[in-house]
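Below is the file data-v8.cif, which contains mmCIF, C-alpha atoms.
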```cif
data_target
#
loop_
_atom_site.label_atom_id
_atom_site.label_comp_id
_atom_site.auth_asym_id
_atom_site.auth_seq_id
_atom_site.Cartn_x
_atom_site.Cartn_y
_atom_site.Cartn_z
CA MET A 297 -26.41 2.41 35.28
CA PRO A 298 -25.55 3.63 38.82
CA GLY A 299 -22.29 5.57 38.91
CA GLU A 300 -22.13 6.10 35.15
CA PHE A 301 -22.35 9.63 33.93
CA ASP A 302 -21.30 12.00 31.22
CA PHE A 303 -19.63 15.31 31.94
CA PHE A 304 -21.91 16.95 29.42
CA ASP A 305 -25.22 15.43 30.70
CA ASP A 306 -24.91 14.71 34.41
CA GLU A 307 -28.37 16.13 35.51
CA PRO A 308 -31.91 15.05 34.53
CA ALA A 309 -33.44 17.03 31.68
CA GLY A 310 -36.34 19.44 32.46
CA PRO A 311 -37.81 22.86 31.65
CA PRO A 312 -35.40 25.77 31.79
CA PRO A 313 -35.41 27.68 35.08
CA ARG A 314 -37.37 30.98 35.27
CA ARG A 315 -35.63 34.19 36.21
CA VAL A 316 -37.67 36.19 38.76
CA ALA A 317 -36.81 39.81 39.61
CA ARG A 318 -37.37 40.96 43.17
CA ASP A 319 -38.45 44.57 42.45
CA GLU A 320 -40.39 44.17 39.25
CA PRO A 321 -42.20 47.41 38.23
CA PRO A 322 -45.93 47.24 37.50
CA ALA A 323 -47.00 46.38 33.98
CA ARG A 324 -47.49 49.29 31.65
CA ARG A 325 -50.35 49.78 29.27
CA SER A 326 -49.48 49.23 25.69
CA GLY A 327 -50.17 51.84 23.03
CA PRO A 328 -49.38 55.55 22.79
CA VAL A 329 -50.49 57.94 25.52
CA ARG A 330 -52.73 60.63 24.04
CA ARG A 331 -52.68 64.10 25.50
CA PRO A 332 -55.29 66.67 24.48
CA THR A 333 -54.06 69.92 23.06
CA ALA A 334 -55.52 73.33 22.83
CA GLY A 335 -56.68 72.75 19.28
CA GLY A 336 -58.49 69.60 20.23
CA ARG A 337 -55.91 67.20 18.76
CA ASP A 338 -53.94 64.64 20.59
CA ASP A 339 -50.19 64.62 20.74
CA ALA A 340 -50.28 61.27 18.99
CA ASP A 341 -51.52 62.97 15.79
CA ARG A 342 -48.40 65.11 15.60
CA PRO A 343 -45.43 63.79 13.67
CA GLU A 344 -42.85 62.56 16.13
CA ARG A 345 -39.49 64.30 15.86
CA PRO A 346 -36.39 62.12 16.16
CA ARG A 347 -34.43 62.70 19.27
CA SER A 348 -30.78 62.24 19.93
CA ARG A 349 -28.79 62.00 23.09
CA GLY A 350 -26.71 65.02 22.23
CA HIS A 351 -27.43 68.33 20.67
CA ASP A 352 -28.82 68.35 17.14
CA SER A 353 -26.00 69.61 14.88
CA ALA A 354 -25.14 69.45 11.17
CA PRO A 355 -22.11 67.34 10.09
CA PRO A 356 -18.86 69.34 9.83
CA ARG A 357 -17.86 70.63 6.40
CA LEU A 358 -14.27 70.64 5.08
CA SER A 359 -12.73 73.84 4.02
CA PRO A 360 -11.34 74.22 0.48
CA LEU A 361 -7.82 74.37 1.95
CA ALA A 362 -8.24 70.98 3.69
CA ILE A 363 -9.62 69.40 0.54
CA GLY A 364 -6.67 70.66 -1.47
CA ALA A 365 -4.22 69.24 1.09
CA ILE A 366 -5.82 65.81 0.92
CA VAL A 367 -5.72 65.77 -2.88
CA ALA A 368 -2.08 66.88 -2.90
CA GLY A 369 -1.14 64.14 -0.39
CA GLY A 370 -2.78 61.47 -2.55
CA ILE A 371 -0.88 62.66 -5.60
CA LEU A 372 2.42 62.51 -3.71
CA VAL A 373 1.72 58.95 -2.54
CA MET A 374 0.92 57.80 -6.09
CA ALA A 375 4.03 59.51 -7.48
CA GLY A 376 6.22 57.85 -4.85
CA GLY A 377 4.84 54.41 -5.75
CA ILE A 378 5.48 54.96 -9.47
CA VAL A 379 9.08 56.06 -8.81
CA GLY A 380 9.69 52.98 -6.67
CA ILE A 381 8.42 50.65 -9.40
CA VAL A 382 10.58 52.35 -12.05
CA LEU A 383 13.68 52.04 -9.84
CA ALA A 384 13.01 48.38 -9.13
CA VAL A 385 12.55 47.52 -12.81
CA GLY A 386 15.43 49.64 -13.97
CA GLY A 387 17.80 48.04 -11.41
CA SER A 388 17.70 44.69 -13.21
CA ARG A 389 18.14 46.11 -16.72
CA THR A 390 21.19 47.23 -18.53
CA THR A 391 22.34 50.74 -17.57
CA GLU A 392 24.42 52.93 -19.74
CA SER A 393 26.75 55.74 -18.77
CA LYS A 394 28.69 58.12 -20.95
CA ASP A 395 32.41 58.64 -20.35
CA LYS A 396 34.24 61.17 -22.53
CA GLY A 397 32.22 60.54 -25.62
CA GLY A 398 32.15 56.73 -25.12
CA THR A 399 29.45 54.47 -23.78
CA ALA A 400 30.11 51.93 -21.05
CA THR A 401 27.54 49.24 -20.54
CA THR A 402 27.17 47.36 -17.29
CA THR A 403 24.79 44.48 -16.89
CA THR A 404 23.43 43.40 -13.56
CA THR A 405 22.82 39.68 -13.44
CA ARG A 406 21.80 37.39 -10.65
CA PRO A 407 24.25 34.65 -9.63
CA ALA A 408 23.33 31.22 -10.97
CA VAL A 409 22.16 28.73 -8.40
CA THR A 410 24.21 25.54 -8.63
CA THR A 411 22.84 22.27 -7.34
CA PRO A 412 25.46 19.94 -5.87
CA LYS A 413 25.89 16.75 -7.83
CA LYS A 414 24.81 13.58 -6.10
CA ASP A 415 26.74 10.35 -6.16
CA PRO A 416 24.48 7.99 -8.16
CA VAL A 417 25.82 5.01 -6.21
CA ALA A 418 24.96 6.63 -2.88
CA ASP A 419 21.29 6.83 -3.88
CA GLN A 420 21.09 3.14 -4.84
CA THR A 421 19.94 0.32 -2.63
CA THR A 422 21.03 -2.48 -4.98
CA PRO A 423 23.85 -2.77 -7.53
CA SER A 424 23.10 -1.71 -11.08
CA PRO A 425 22.41 -4.43 -13.69
CA GLU A 426 25.86 -3.79 -15.20
CA VAL A 427 27.57 -4.37 -11.85
CA VAL A 428 25.54 -7.52 -11.21
CA GLU A 429 26.47 -8.95 -14.61
CA ARG A 430 30.16 -8.17 -14.13
CA VAL A 431 30.31 -9.85 -10.72
CA LYS A 432 28.39 -12.87 -11.99
CA LYS A 433 30.87 -13.45 -14.81
CA ALA A 434 33.81 -13.24 -12.40
CA THR A 435 32.25 -15.64 -9.86
CA VAL A 436 33.02 -19.31 -10.53
CA ARG A 437 31.65 -22.54 -9.16
CA ILE A 438 34.38 -24.80 -7.82
CA LEU A 439 34.13 -28.59 -8.01
CA VAL A 440 36.77 -30.46 -6.00
CA GLN A 441 37.79 -34.12 -5.98
CA TYR A 442 40.00 -34.94 -2.99
CA PRO A 443 42.78 -37.51 -3.58
CA GLY A 444 42.05 -40.92 -2.15
CA LYS A 445 38.44 -40.08 -1.27
CA ARG A 446 35.16 -40.97 -2.91
CA GLY A 447 32.81 -38.24 -3.96
CA GLY A 448 33.76 -34.62 -3.92
CA ALA A 449 32.78 -31.17 -2.73
CA SER A 450 31.75 -27.85 -4.21
CA GLY A 451 32.11 -24.22 -3.27
CA SER A 452 32.42 -20.74 -4.70
CA GLY A 453 35.27 -18.52 -5.83
CA PHE A 454 36.03 -15.44 -7.93
CA VAL A 455 38.67 -14.07 -10.27
CA GLU A 456 40.83 -11.21 -8.96
CA LYS A 457 41.27 -8.33 -11.41
CA ASP A 458 45.05 -7.72 -11.46
CA THR A 459 46.46 -11.27 -11.17
CA ARG A 460 43.59 -13.17 -12.88
CA MET A 461 43.89 -15.71 -10.07
CA VAL A 462 40.88 -17.37 -8.46
CA LEU A 463 40.30 -16.80 -4.74
CA THR A 464 38.44 -19.20 -2.47
CA ASN A 465 38.69 -20.76 1.02
CA ALA A 466 41.40 -23.20 2.01
CA HIS A 467 38.79 -25.60 3.40
CA VAL A 468 37.02 -25.68 0.01
CA VAL A 469 40.06 -27.18 -1.72
CA GLY A 470 40.98 -29.28 1.33
CA MET A 471 44.42 -27.70 1.72
CA LYS A 472 45.44 -26.00 4.93
CA ARG A 473 49.04 -27.18 4.99
CA VAL A 474 51.88 -27.29 2.49
CA THR A 475 52.03 -31.06 2.77
CA ASP A 476 48.36 -31.57 1.86
CA PRO A 477 47.99 -33.29 -1.54
CA GLN A 478 46.83 -31.30 -4.54
CA PRO A 479 43.14 -31.94 -5.35
CA LEU A 480 41.52 -32.16 -8.76
CA ILE A 481 39.80 -28.82 -9.38
CA ASN A 482 37.26 -27.71 -11.99
CA LEU A 483 36.29 -24.05 -12.28
CA ILE A 484 32.82 -23.62 -13.83
CA VAL A 485 32.46 -20.27 -15.62
CA ASN A 486 28.94 -18.97 -16.37
CA SER A 487 27.55 -21.85 -14.34
CA GLY A 488 23.98 -22.82 -15.26
CA GLU A 489 23.83 -20.57 -18.34
CA GLY A 490 23.54 -23.27 -20.99
CA GLU A 491 25.88 -22.86 -23.95
CA LYS A 492 27.70 -20.00 -22.20
CA GLU A 493 28.94 -22.38 -19.50
CA TYR A 494 32.47 -23.79 -19.76
CA ARG A 495 35.15 -25.28 -17.51
CA LEU A 496 38.69 -24.41 -16.59
CA ASP A 497 41.23 -26.53 -14.80
CA GLY A 498 42.79 -25.20 -11.60
CA GLU A 499 45.87 -25.62 -9.42
CA VAL A 500 46.34 -24.40 -5.85
CA VAL A 501 49.40 -22.10 -5.72
CA ALA A 502 49.07 -20.50 -2.27
CA VAL A 503 47.23 -21.09 1.02
CA ASP A 504 46.70 -18.96 4.13
CA ALA A 505 45.60 -21.52 6.71
CA GLU A 506 45.18 -18.99 9.50
CA ASN A 507 42.67 -16.87 7.57
CA ASP A 508 41.26 -19.81 5.54
CA LEU A 509 42.16 -18.49 2.08
CA ALA A 510 43.51 -20.21 -1.04
CA VAL A 511 44.73 -19.02 -4.43
CA ILE A 512 44.03 -21.11 -7.56
CA ARG A 513 45.78 -20.65 -10.90
CA PRO A 514 43.24 -21.31 -13.69
CA THR A 515 44.36 -23.23 -16.79
CA LEU A 516 42.67 -24.45 -19.97
CA LEU A 517 40.83 -27.73 -19.69
CA GLU A 518 39.80 -28.19 -23.31
CA VAL A 519 42.27 -27.01 -25.91
CA GLY A 520 40.89 -25.33 -29.02
CA LYS A 521 37.77 -23.90 -27.44
CA ALA A 522 37.12 -20.30 -26.46
CA THR A 523 37.59 -20.73 -22.70
CA PRO A 524 39.25 -17.56 -21.48
CA VAL A 525 39.67 -16.60 -17.88
CA PRO A 526 36.92 -14.01 -17.24
CA ASP A 527 37.67 -10.46 -16.20
CA GLY A 528 38.25 -10.19 -12.48
CA LEU A 529 36.94 -8.09 -9.62
CA LEU A 530 38.74 -5.29 -7.85
CA VAL A 531 39.86 -6.12 -4.31
CA PRO A 532 40.93 -2.83 -2.68
CA LYS A 533 43.98 -3.09 -0.42
CA HIS A 534 42.23 -0.98 2.18
CA PRO A 535 38.50 -1.38 1.56
CA THR A 536 36.14 0.98 3.32
CA VAL A 537 33.64 -1.00 5.37
CA THR A 538 31.36 0.31 8.13
CA GLU A 539 28.77 -1.07 10.49
CA LEU A 540 25.29 -1.39 8.96
CA GLN A 541 26.76 -1.19 5.45
CA LYS A 542 24.73 -3.15 2.93
CA LEU A 543 26.66 -5.83 1.02
CA PHE A 544 25.84 -8.58 -1.48
CA VAL A 545 26.92 -12.24 -1.46
CA PHE A 546 27.50 -13.99 -4.81
CA GLY A 547 27.89 -17.76 -4.94
CA PHE A 548 26.33 -21.21 -5.08
CA PRO A 549 24.60 -21.98 -1.77
CA LEU A 550 23.75 -25.63 -0.99
CA GLY A 551 25.56 -26.83 -4.11
CA ASP A 552 23.48 -29.07 -6.38
CA VAL A 553 20.46 -28.88 -4.08
CA LEU A 554 19.42 -25.50 -5.49
CA GLY A 555 20.90 -26.04 -8.93
CA SER A 556 23.93 -24.77 -10.81
CA GLU A 557 22.76 -21.15 -11.29
CA ILE A 558 24.38 -18.42 -9.24
CA SER A 559 22.57 -16.85 -6.27
CA ILE A 560 22.79 -13.22 -5.14
CA ARG A 561 21.78 -12.49 -1.58
CA PRO A 562 21.84 -9.23 0.39
CA THR A 563 23.48 -8.96 3.77
CA GLN A 564 24.49 -6.24 6.22
CA VAL A 565 27.57 -5.58 8.32
CA THR A 566 26.83 -6.02 12.02
CA SER A 567 30.32 -5.97 13.53
CA LEU A 568 33.99 -5.48 12.65
CA ARG A 569 36.10 -8.04 14.56
CA HIS A 570 39.69 -6.93 15.31
CA GLU A 571 42.73 -8.78 16.62
CA GLY A 572 45.94 -7.01 17.49
CA GLY A 573 44.59 -3.74 16.12
CA LYS A 574 43.89 -5.26 12.66
CA LEU A 575 40.56 -6.15 11.12
CA LYS A 576 40.32 -9.95 11.36
CA LYS A 577 36.76 -10.74 10.31
CA ILE A 578 33.71 -8.90 9.05
CA GLN A 579 30.54 -10.10 10.75
CA VAL A 580 27.38 -9.90 8.65
CA GLU A 581 23.74 -10.80 9.16
CA GLY A 582 22.68 -13.59 6.84
CA GLY A 583 23.14 -14.10 3.11
CA MET A 584 25.45 -17.15 3.44
CA THR A 585 25.11 -20.89 3.82
CA PHE A 586 26.96 -24.05 2.82
CA GLY A 587 28.26 -23.66 -0.72
CA ASN A 588 28.83 -19.90 -0.41
CA SER A 589 32.30 -20.53 1.04
CA GLY A 590 34.92 -18.70 -1.02
CA GLY A 591 32.44 -16.47 -2.87
CA PRO A 592 32.84 -12.69 -3.17
CA VAL A 593 31.04 -10.29 -0.83
CA VAL A 594 30.80 -7.00 -2.72
CA ASP A 595 29.58 -3.44 -2.21
CA LEU A 596 27.28 -1.41 -4.47
CA LYS A 597 30.13 -0.76 -6.92
CA GLY A 598 30.98 -4.45 -7.23
CA ASN A 599 34.26 -4.16 -5.34
CA VAL A 600 35.16 -7.13 -3.13
CA VAL A 601 34.88 -6.21 0.55
CA GLY A 602 35.48 -9.75 1.79
CA VAL A 603 35.39 -13.49 1.07
CA ALA A 604 32.56 -15.60 2.52
CA VAL A 605 34.06 -18.08 4.97
CA SER A 606 31.86 -19.31 7.84
CA GLY A 607 28.82 -18.86 10.04
CA VAL A 608 27.27 -19.81 13.37
CA ARG A 609 25.04 -22.87 13.05
CA ASN A 610 21.31 -22.20 13.55
CA GLU A 611 22.01 -18.47 13.92
CA ASN A 612 21.78 -15.63 11.41
CA ILE A 613 25.44 -14.74 11.99
CA ASN A 614 28.06 -15.12 9.26
CA PHE A 615 31.63 -14.02 8.65
CA CYS A 616 33.83 -13.05 5.73
CA VAL A 617 37.59 -12.55 5.44
CA PRO A 618 38.53 -8.89 4.79
CA GLY A 619 39.77 -8.10 1.29
CA GLU A 620 43.01 -6.72 2.72
CA MET A 621 44.10 -10.27 3.63
CA VAL A 622 43.42 -11.37 0.06
CA GLN A 623 45.94 -8.86 -1.24
CA GLN A 624 48.50 -9.93 1.35
CA LEU A 625 48.22 -13.57 0.24
CA LEU A 626 48.43 -12.68 -3.45
CA ALA A 627 51.61 -10.69 -2.81
CA LYS A 628 53.24 -13.73 -1.13
CA ARG A 629 51.91 -16.47 -3.41
CA ASN A 630 55.32 -17.03 -5.03
CA GLU A 631 56.85 -17.72 -1.61
CA TRP A 632 54.27 -20.27 -0.50
CA LYS A 633 56.26 -23.46 -1.24
CA ASP A 634 59.77 -22.01 -0.84
#
```
Take the structure from the file and write it as structure tokens.
Amino acid sequence: MPGEFDFFDDEPAGPPPRRVARDEPPARRSGPVRRPTAGGRDDADRPERPRSRGHDSAPPRLSPLAIGAIVAGGILVMAGGIVGIVLAVGGSRTTESKDKGGTATTTTTRPAVTTPKKDPVADQTTPSPEVVERVKKATVRILVQYPGKRGGASGSGFVEKDTRMVLTNAHVVGMKRVTDPQPLINLIVNSGEGEKEYRLDGEVVAVDAENDLAVIRPTLLEVGKATPVPDGLLVPKHPTVTELQKLFVFGFPLGDVLGSEISIRPTQVTSLRHEGGKLKKIQVEGGMTFGNSGGPVVDLKGNVVGVAVSGVRNENINFCVPGEMVQQLLAKRNEWKD
């Protein structure tokens, strides 16, 4: 097509150009030129002697002295190599020295190379099966019946290790003020696990309305059955939490819609919200919905970093209450109604 070309084929193909010399000498006859000799023979019959550009000379010969020097030099080089090998091998072996009739032995050893130990938790991307099982047993499903109202509500909660109290949100139990009536609470342990499932009764003993937290004291619902309060989770007083840290939400999203089995969902810290210089809320990306309120948000070790509390509707933005506020409420639970 017009205007289309290739850098490697931009001219029409044809025979290669001839190279013509301006002063070209006349053509010579081929074959040897014969010259008559006095004996009647041509020069072509004579054997042709090889010619060289320089003078014909025999290759130089080495004198006996030079040959001896070369041989001696080779021997010295070989001897030096052998000595070097012996010294290198002997340097790593045990050497012995005599001192006044005694023998002292010194051993040269190379220092051992130590590999730094790695934190097994740091290399994980999900909690170990043991951690998952421990957090599941400590996470309870909360069924609430509000006084004077039909129907009820459900949410999530967890047992704290030291006090064996159950933590959840104040809005889950419907109590944000001291004057609010006490609801009827059931704590479902091992929810959805068949014969392992059992219930405990519960009573609200402390509420932090500002941070939307509540403390429930678990009690036996059915006397005579093995219904112990499960082992709790550690809530550090000053938990270490950083942006982009991976966390895990345990709880019962959407209540009965999904069923009674626990759900475990990953999430990630996207912001640390402060007020007055203190950490007020931990913002995370996803992992929570209705029903997760009050459930534990844990790290890879299973330690509680925060309590699931709220989210932005139709957005993948959720919040949890820092674990430090949990410890503050537990420390003041005996003063709540005073």
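For the residues A:Met471, A:Val531, A:Val455, A:Val428, ranking by smallest atom-to-atom distance to Val617 (chain A) using all atoms listed in the file places A:Val531 first.
Reported to one decimal place, the separation of CA of Glu631 (chain A) from CA of Pro618 (chain A) is 21.3 Å.
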Listing only residues of region 496-602 of chain A within 7 Å of region 429-450 of chain A, what is the closest atom pair and its distance in Å (to one decimal) for each, using all atoms listed in the file, sorted by chain and residue number ascending, as a Markdown table?
```
| residue | atom | partner | partner_atom | distance |
| --- | --- | --- | --- | --- |
| A:Pro526 | CA | A:Ala434 | CA | 5.8 |
| A:Asp527 | CA | A:Ala434 | CA | 6.1 |
| A:Gly528 | CA | A:Ala434 | CA | 5.4 |
| A:Leu529 | CA | A:Ala434 | CA | 6.6 |
| A:Gly547 | CA | A:Thr435 | CA | 6.9 |
| A:Phe548 | CA | A:Arg437 | CA | 6.8 |
| A:Gly551 | CA | A:Ser450 | CA | 6.3 |
| A:Gly587 | CA | A:Ser450 | CA | 6.5 |
| A:Gly598 | CA | A:Val431 | CA | 6.5 |
```
Within-12 Å shell of (17.7, -10.6, -2.3) in input frame, all atoms listed in the file, as a PyMOL selection string: chain A and resi 421-423+542-546+559-564+582-584
Can you translate the PyMOL selection byres ((chain A and resi 607) around 10) into the concrete residues it hits in this file, as number ranges by chain? A: 579-582, 584-586, 589, 604-606, 608-616
Separation of CA of Lys457 (chain A) from CA of Lys577 (chain A) in Å: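 Computing the Euclidean distance for CA of Lys577 (chain A) and CA of Lys457 (chain A) yields 22.3 Å.
Atom pair CA of Val474 (chain A) / CA of Asp504 (chain A) has a distance of 9.9 Å (rounded to one decimal).
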Please list as a short mmCIF file (atom, residue, chain, number, x, y, z; two decimals) with C-alpha atoms, in the frame of the given file every residue within 6 Å of Thr464 (chain A), counting only C-alpha atoms and excluding residues in the same chain fewer than 2 positions away.
```cif
data_model
loop_
_atom_site.label_atom_id
_atom_site.label_comp_id
_atom_site.auth_asym_id
_atom_site.auth_seq_id
_atom_site.Cartn_x
_atom_site.Cartn_y
_atom_site.Cartn_z
CA GLY A 453 35.27 -18.52 -5.83
CA LEU A 509 42.16 -18.49 2.08
CA ALA A 510 43.51 -20.21 -1.04
CA GLY A 590 34.92 -18.70 -1.02
#
```
Smallest atom-to-atom distance to Asn630 (chain A): which of A:Pro549, A:Ala502, A:Val601, A:Ile578, using all atoms listed in the file?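 The shortest atom-to-atom distance to Asn630 (chain A) comes from A:Ala502.
The shortest atom-to-atom distance to Glu493 (chain A), with all atoms listed in the file taken into account, belongs to A:Ile558 out of A:Asp476, A:Gln541, A:Pro532, A:Ile558.
Distances here use all atoms listed in the file; by that measure, the residue among A:Asp508, A:Ser452, A:Asp458, A:Lys597 closest to Leu483 (chain A) is A:Ser452.
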Residue nearest Pro514 (chain A) - candidates A:Glu426, A:Glu456, A:Glu571, A:Glu620, atoms counted: only C-alpha atoms: A:Glu456
